[in-house]
Amino acid sequence: MFAGISVRAGHSAPYAAVVIDARSGETLFEQNADARLHPASLTKMLTLYIAFDAIRRGEVTLDTMITVSKNAASKPPSRLGLKSGQKIALRYLIRAAAVKSANDAASAIGDHLGGNEARFAARMTQTAKALGMRSSTFKNANGLTQAGHLSTARDMNTLGRRLFYDFPEYYNIFSRRSTDAGMTTVRNTNRRFLDAYKGADGIKTGYTSAAGFNLTASAERGNKRIIATVFGGQSTAHRNAKMAGLMDLGFGAAKDNVAVRRPAPANVPGGDVEVVADTTLDVGTGSTQGNGEGRSAGKTIRLVTSVKSSPRPKSRPMSDDKIAATANAVVAMQDDIASMLAQVTGVAPEVVAQASAAPAVVAAIEPAPEPEQVEVAAADWAEVVTIEKPLGVVGAPAVDAAPQRRPAKLLMASAEPAKDAPKAAPVVVTRVSTSGGRHWGVNVGRYASRATAERTLMQIALAESTTLRDGLRKVMERKGGYDANYMGLTQEQADLACRRLQARAMQCFTIGP
């Protein structure tokens, strides 16, 4: 079926391809998958992976202001148009690198996280090794052609799968047709394939004259997700056509019911660890760098971008009206409790409220040598307890090693109501809800079978783990089929989840209390 996928005679950029089932990582097709070639801007996937990891570690936040280096500002197109010394939020650099494939934006990210291009490149190579990308070495953050900057179709496919599973909260950026990059609105370099292939939702294109037209793409149809990578396309149209054929092959070869096996957690280096340049892939004895003709010896680079502080997440802002309403509810609840206790005990509400707020302890010292009586009054009871204590000692009673007998003078006030006292009317006690308002949910469709509904819920949970992580997956049998619901959400969570799912062209509506 794929005899036509081959290297064309005279084509300068070698062809390579690989297709995997994203759920299990099983390889469904490969051709020259381990050939070390120029990855071009597919490199930016790794730059973004490290940026996402740095955010998770607390090295930076999306709102960290990045000072553009002279190195980053000098990069050729594709560009965002950054100037040396300019300050811009990290979130805009991420959008520009992911969507527009801006070389200056990717380099600005790398220079900030690594201190300079060489240090960040060493961190990239070490991170790639930790992710299982065994045949890749990197020299820059953007993928511009440079001696020794090499990867394989298999490694880039591995990276694409890692981005999907390791950072699902950021994966949607690769499906945006356009986005605000702070300075301007940028358009997706992969929009033609995203619009043309059913189920496609990312992730990254690449092109240089040495690499040809490269693409790592992901698509989902039903319960299947396929990730494929193409190196060495002859044009955008040629590359997209090859990718569509590979995707069709993958969906045809993938099994219907496959258990999802997420990649194992990777021990990727942070910004404050020692990063050692990879030397295990040297070929030959020459001193030149490039496509297997040998590379110079590796060197050890110590990164100096250790985290000086780890700020705690800021609490969600609350309006003054909401704070006042909560305070009023608490005061009203305390007044209700005091009134009900007063009805039961016959004590004035003011006394009950004071006793509930701060129980009073009154000590009365009897003349020697009689033991002392200590009266304890709290809420709706009072005790008079006889406690032995040496004369002249003020404070806590002395502790005797031998156990003491139960005090003879033990009075339990209000322990039992008087026989002739009228019975109190039943009291209904109300309280402020502590559920946090989690009475909302979302419905993601009605299905013919319970198994289909449960499978859909699992797939959506993987795609939208950020907004639905607190939700309870629940399948409800209805007259027309089985409803797939997520319950136990706040109204804000339910609204956000539906907006994100609808942006992916998925059916969704909120369920109120």
# chains A, B, ... in the order shown; residues from 1 in each chain; ligands from 1
$ residues_around --residues "A:Val60" --least-positions-apart "6" --cutoff "9 Å" --atoms "only C-alpha atoms" --output "list of chain:residue names"
A:Ala51, A:Ala54, A:Leu90, A:Leu113, A:Val307
$ atom_distance --atom1 "atom CA of A:Met458" --atom2 "atom CA of A:Arg473"
8.2 Å
$ closest_residue --among "A:Gln86, A:Val331, A:Ser74, A:Ile66" --to "A:Asp111" --atoms "only C-alpha atoms"
A:Ile66
$ residues_around --residues "stretch 119-129 of chain A" --least-positions-apart "5" --cutoff "6 Å" --atoms "only C-alpha atoms" --output "ChimeraX atom specification"
/A:110,114,134,137-140,268,275,277
$ select_by_dssp --residues "stretch 118-307 of chain A" --states "helix (DSSP H, G or I)" --output "PyMOL selection string"
chain A and resi 118-130+153-166+168-175+191-196+236-253
$ write_last_selection --atoms "C-alpha atoms" --output "PDB file, in the first residue's frame"
ATOM      1  CA  ALA A 118      25.007  26.552  24.374  1.00  0.00           C
ATOM      2  CA  ARG A 119      23.800  25.838  27.890  1.00  0.00           C
ATOM      3  CA  PHE A 120      20.201  25.459  26.823  1.00  0.00           C
ATOM      4  CA  ALA A 121      21.224  23.177  23.948  1.00  0.00           C
ATOM      5  CA  ALA A 122      23.033  20.935  26.446  1.00  0.00           C
ATOM      6  CA  ARG A 123      19.894  20.845  28.583  1.00  0.00           C
ATOM      7  CA  MET A 124      17.873  19.940  25.485  1.00  0.00           C
ATOM      8  CA  THR A 125      20.109  16.979  24.674  1.00  0.00           C
ATOM      9  CA  GLN A 126      19.993  15.723  28.251  1.00  0.00           C
ATOM     10  CA  THR A 127      16.213  16.124  28.370  1.00  0.00           C
ATOM     11  CA  ALA A 128      15.865  14.265  25.072  1.00  0.00           C
ATOM     12  CA  LYS A 129      17.839  11.344  26.462  1.00  0.00           C
ATOM     13  CA  ALA A 130      15.618  11.264  29.579  1.00  0.00           C
ATOM     14  CA  ALA A 153      11.595  10.589  12.878  1.00  0.00           C
ATOM     15  CA  ARG A 154      11.199   8.084  15.721  1.00  0.00           C
ATOM     16  CA  ASP A 155      12.588  10.493  18.319  1.00  0.00           C
ATOM     17  CA  MET A 156      10.345  13.339  17.195  1.00  0.00           C
ATOM     18  CA  ASN A 157       7.319  11.054  17.273  1.00  0.00           C
ATOM     19  CA  THR A 158       8.277  10.087  20.815  1.00  0.00           C
ATOM     20  CA  LEU A 159       8.457  13.772  21.713  1.00  0.00           C
ATOM     21  CA  GLY A 160       5.048  14.469  20.171  1.00  0.00           C
ATOM     22  CA  ARG A 161       3.498  11.683  22.273  1.00  0.00           C
ATOM     23  CA  ARG A 162       5.242  13.026  25.376  1.00  0.00           C
ATOM     24  CA  LEU A 163       3.793  16.499  24.837  1.00  0.00           C
ATOM     25  CA  PHE A 164       0.292  15.029  24.518  1.00  0.00           C
ATOM     26  CA  TYR A 165       0.456  12.937  27.693  1.00  0.00           C
ATOM     27  CA  ASP A 166       2.890  14.903  29.888  1.00  0.00           C
ATOM     28  CA  PRO A 168      -2.290  17.939  28.305  1.00  0.00           C
ATOM     29  CA  GLU A 169      -3.065  21.375  29.756  1.00  0.00           C
ATOM     30  CA  TYR A 170      -0.887  22.999  27.071  1.00  0.00           C
ATOM     31  CA  TYR A 171      -1.443  20.620  24.152  1.00  0.00           C
ATOM     32  CA  ASN A 172      -4.407  22.582  22.780  1.00  0.00           C
ATOM     33  CA  ILE A 173      -2.095  25.441  21.748  1.00  0.00           C
ATOM     34  CA  PHE A 174      -0.910  23.331  18.797  1.00  0.00           C
ATOM     35  CA  SER A 175      -4.452  23.171  17.365  1.00  0.00           C
ATOM     36  CA  ARG A 191      -3.456  25.164   9.490  1.00  0.00           C
ATOM     37  CA  ARG A 192      -3.753  23.536   6.045  1.00  0.00           C
ATOM     38  CA  PHE A 193      -3.367  20.027   7.431  1.00  0.00           C
ATOM     39  CA  LEU A 194      -5.512  20.792  10.491  1.00  0.00           C
ATOM     40  CA  ASP A 195      -8.332  21.974   8.232  1.00  0.00           C
ATOM     41  CA  ALA A 196      -7.971  19.231   5.632  1.00  0.00           C
ATOM     42  CA  THR A 236       3.939  21.641   1.976  1.00  0.00           C
ATOM     43  CA  ALA A 237       1.371  19.918  -0.234  1.00  0.00           C
ATOM     44  CA  HIS A 238       3.596  16.874  -0.777  1.00  0.00           C
ATOM     45  CA  ARG A 239       4.304  16.593   2.971  1.00  0.00           C
ATOM     46  CA  ASN A 240       0.618  16.928   3.892  1.00  0.00           C
ATOM     47  CA  ALA A 241      -0.370  14.299   1.358  1.00  0.00           C
ATOM     48  CA  LYS A 242       2.225  11.885   2.726  1.00  0.00           C
ATOM     49  CA  MET A 243       1.000  12.575   6.271  1.00  0.00           C
ATOM     50  CA  ALA A 244      -2.631  11.975   5.300  1.00  0.00           C
ATOM     51  CA  GLY A 245      -1.648   8.608   3.805  1.00  0.00           C
ATOM     52  CA  LEU A 246       0.299   7.665   6.918  1.00  0.00           C
ATOM     53  CA  MET A 247      -2.606   8.656   9.153  1.00  0.00           C
ATOM     54  CA  ASP A 248      -5.032   6.571   7.083  1.00  0.00           C
ATOM     55  CA  LEU A 249      -2.679   3.621   7.374  1.00  0.00           C
ATOM     56  CA  GLY A 250      -2.465   4.118  11.135  1.00  0.00           C
ATOM     57  CA  PHE A 251      -6.206   4.286  11.708  1.00  0.00           C
ATOM     58  CA  GLY A 252      -6.652   1.193   9.562  1.00  0.00           C
ATOM     59  CA  ALA A 253      -3.990  -0.783  11.417  1.00  0.00           C
TER      60      ALA A 253
END
$ residues_around --residues "stretch 200-216 of chain A" --least-positions-apart "4" --cutoff "6 Å" --atoms "only C-alpha atoms" --output "list in words"
Ala13, His38, Ala40, Ser41, Leu42, Phe174, Ser175, Leu194, Ala228, Thr229, Val230, Phe231, Gly232, Gly233 and Ser235 of chain A
$ closest_residue --among "A:Gly148, A:Gly132, A:Gly85, A:Gly58" --to "A:Arg36" --atoms "only C-alpha atoms"
A:Gly148
$ select_by_dssp --residues "stretch 28-190 of chain A" --states "strand (DSSP E or B)" --output "list of chain:residue names"
A:Leu28, A:Phe29, A:Glu30, A:Gln31, A:Leu37, A:Met65, A:Ile66, A:Thr67, A:Lys87, A:Ile88, A:Ala89, A:Thr137, A:Leu150, A:Ser151, A:Ser178, A:Thr179, A:Asp180, A:Thr185, A:Val186, A:Arg187
$ closest_residue --among "A:Phe167, A:Phe29, A:Trp440, A:Phe52" --to "A:Ile226" --atoms "only C-alpha atoms"
A:Phe29
$ residues_around --residues "A:Val260" --least-positions-apart "5" --cutoff "9 Å" --atoms "only C-alpha atoms" --output "PyMOL selection string"
chain A and resi 22-25
$ write_last_selection --atoms "all heavy atoms" --output "tab-separated table (two decimals), in the first residue's frame"
chain	number	residue	atom	x	y	z
A	22	ALA	N	-0.98	6.13	19.53
A	22	ALA	CA	-0.63	6.98	20.66
A	22	ALA	C	-1.06	6.37	21.99
A	22	ALA	O	-0.45	6.64	23.03
A	22	ALA	CB	-1.28	8.36	20.50
A	23	ARG	N	-2.07	5.55	21.97
A	23	ARG	CA	-2.57	4.98	23.22
A	23	ARG	C	-1.57	4.03	23.85
A	23	ARG	O	-1.35	4.04	25.06
A	23	ARG	CB	-3.90	4.25	22.97
A	23	ARG	CG	-5.01	5.14	22.44
A	23	ARG	CD	-6.16	4.31	21.91
A	23	ARG	NE	-5.76	3.48	20.76
A	23	ARG	CZ	-6.55	2.62	20.13
A	23	ARG	NH1	-7.81	2.49	20.54
A	23	ARG	NH2	-6.12	1.92	19.10
A	24	SER	N	-0.95	3.20	23.03
A	24	SER	CA	-0.03	2.18	23.55
A	24	SER	C	1.43	2.45	23.22
A	24	SER	O	2.32	1.86	23.83
A	24	SER	CB	-0.42	0.81	22.98
A	24	SER	OG	-0.27	0.81	21.55
A	25	GLY	N	1.69	3.32	22.24
A	25	GLY	CA	3.05	3.54	21.79
A	25	GLY	C	3.52	2.53	20.76
A	25	GLY	O	4.67	2.56	20.33
$ atom_distance --atom1 "atom CA of A:Ala451" --atom2 "atom CA of A:Lys224"
15.0 Å
$ decode --residues "stretch 241-260 of chain A" --atoms "N, CA, C and O atoms" --output "mmCIF file, in the first residue's frame"
data_model
loop_
_atom_site.group_PDB
_atom_site.id
_atom_site.type_symbol
_atom_site.label_atom_id
_atom_site.label_comp_id
_atom_site.auth_asym_id
_atom_site.auth_seq_id
_atom_site.Cartn_x
_atom_site.Cartn_y
_atom_site.Cartn_z
ATOM 1 N N ALA A 241 0.193 15.488 2.004
ATOM 2 C CA ALA A 241 -0.370 14.299 1.358
ATOM 3 C C ALA A 241 0.251 13.030 1.918
ATOM 4 O O ALA A 241 -0.447 12.031 2.158
ATOM 5 N N LYS A 242 1.562 13.043 2.118
ATOM 6 C CA LYS A 242 2.225 11.885 2.726
ATOM 7 C C LYS A 242 1.673 11.641 4.135
ATOM 8 O O LYS A 242 1.410 10.505 4.534
ATOM 9 N N MET A 243 1.499 12.722 4.900
ATOM 10 C CA MET A 243 1.000 12.575 6.271
ATOM 11 C C MET A 243 -0.424 12.019 6.280
ATOM 12 O O MET A 243 -0.759 11.166 7.110
ATOM 13 N N ALA A 244 -1.268 12.497 5.364
ATOM 14 C CA ALA A 244 -2.631 11.975 5.300
ATOM 15 C C ALA A 244 -2.630 10.476 5.005
ATOM 16 O O ALA A 244 -3.406 9.709 5.599
ATOM 17 N N GLY A 245 -1.744 10.037 4.093
ATOM 18 C CA GLY A 245 -1.648 8.608 3.805
ATOM 19 C C GLY A 245 -1.174 7.815 5.003
ATOM 20 O O GLY A 245 -1.683 6.717 5.292
ATOM 21 N N LEU A 246 -0.197 8.358 5.724
ATOM 22 C CA LEU A 246 0.299 7.665 6.918
ATOM 23 C C LEU A 246 -0.773 7.577 7.993
ATOM 24 O O LEU A 246 -0.928 6.555 8.671
ATOM 25 N N MET A 247 -1.528 8.658 8.166
ATOM 26 C CA MET A 247 -2.606 8.656 9.153
ATOM 27 C C MET A 247 -3.673 7.620 8.795
ATOM 28 O O MET A 247 -4.162 6.877 9.652
ATOM 29 N N ASP A 248 -4.041 7.562 7.522
ATOM 30 C CA ASP A 248 -5.032 6.571 7.083
ATOM 31 C C ASP A 248 -4.529 5.164 7.365
ATOM 32 O O ASP A 248 -5.288 4.295 7.820
ATOM 33 N N LEU A 249 -3.256 4.935 7.084
ATOM 34 C CA LEU A 249 -2.679 3.621 7.374
ATOM 35 C C LEU A 249 -2.757 3.327 8.872
ATOM 36 O O LEU A 249 -3.111 2.220 9.289
ATOM 37 N N GLY A 250 -2.436 4.328 9.696
ATOM 38 C CA GLY A 250 -2.465 4.118 11.135
ATOM 39 C C GLY A 250 -3.846 3.801 11.663
ATOM 40 O O GLY A 250 -4.021 2.867 12.466
ATOM 41 N N PHE A 251 -4.856 4.560 11.231
ATOM 42 C CA PHE A 251 -6.206 4.286 11.708
ATOM 43 C C PHE A 251 -6.699 2.926 11.227
ATOM 44 O O PHE A 251 -7.476 2.266 11.917
ATOM 45 N N GLY A 252 -6.256 2.508 10.051
ATOM 46 C CA GLY A 252 -6.652 1.193 9.562
ATOM 47 C C GLY A 252 -5.981 0.061 10.308
ATOM 48 O O GLY A 252 -6.569 -1.008 10.499
ATOM 49 N N ALA A 253 -4.738 0.281 10.749
ATOM 50 C CA ALA A 253 -3.990 -0.783 11.417
ATOM 51 C C ALA A 253 -4.233 -0.835 12.913
ATOM 52 O O ALA A 253 -4.064 -1.887 13.540
ATOM 53 N N ALA A 254 -4.621 0.270 13.530
ATOM 54 C CA ALA A 254 -4.805 0.319 14.984
ATOM 55 C C ALA A 254 -6.028 -0.490 15.400
ATOM 56 O O ALA A 254 -7.057 -0.484 14.723
ATOM 57 N N LYS A 255 -5.912 -1.185 16.503
ATOM 58 C CA LYS A 255 -7.020 -1.972 17.034
ATOM 59 C C LYS A 255 -8.043 -1.062 17.701
ATOM 60 O O LYS A 255 -7.730 0.038 18.138
ATOM 61 N N ASP A 256 -9.280 -1.561 17.785
ATOM 62 C CA ASP A 256 -10.359 -0.751 18.351
ATOM 63 C C ASP A 256 -10.199 -0.560 19.858
ATOM 64 O O ASP A 256 -10.282 0.549 20.371
ATOM 65 N N ASN A 257 -9.989 -1.621 20.567
ATOM 66 C CA ASN A 257 -9.927 -1.564 22.026
ATOM 67 C C ASN A 257 -8.501 -1.804 22.493
ATOM 68 O O ASN A 257 -8.027 -2.936 22.525
ATOM 69 N N VAL A 258 -7.842 -0.708 22.827
ATOM 70 C CA VAL A 258 -6.445 -0.774 23.276
ATOM 71 C C VAL A 258 -6.328 -0.038 24.603
ATOM 72 O O VAL A 258 -6.818 1.097 24.740
ATOM 73 N N ALA A 259 -5.707 -0.670 25.569
ATOM 74 C CA ALA A 259 -5.503 -0.024 26.860
ATOM 75 C C ALA A 259 -4.508 1.127 26.711
ATOM 76 O O ALA A 259 -3.505 1.016 26.013
ATOM 77 N N VAL A 260 -4.825 2.249 27.342
ATOM 78 C CA VAL A 260 -3.935 3.416 27.295
ATOM 79 C C VAL A 260 -2.767 3.190 28.243
ATOM 80 O O VAL A 260 -2.962 2.954 29.438
#
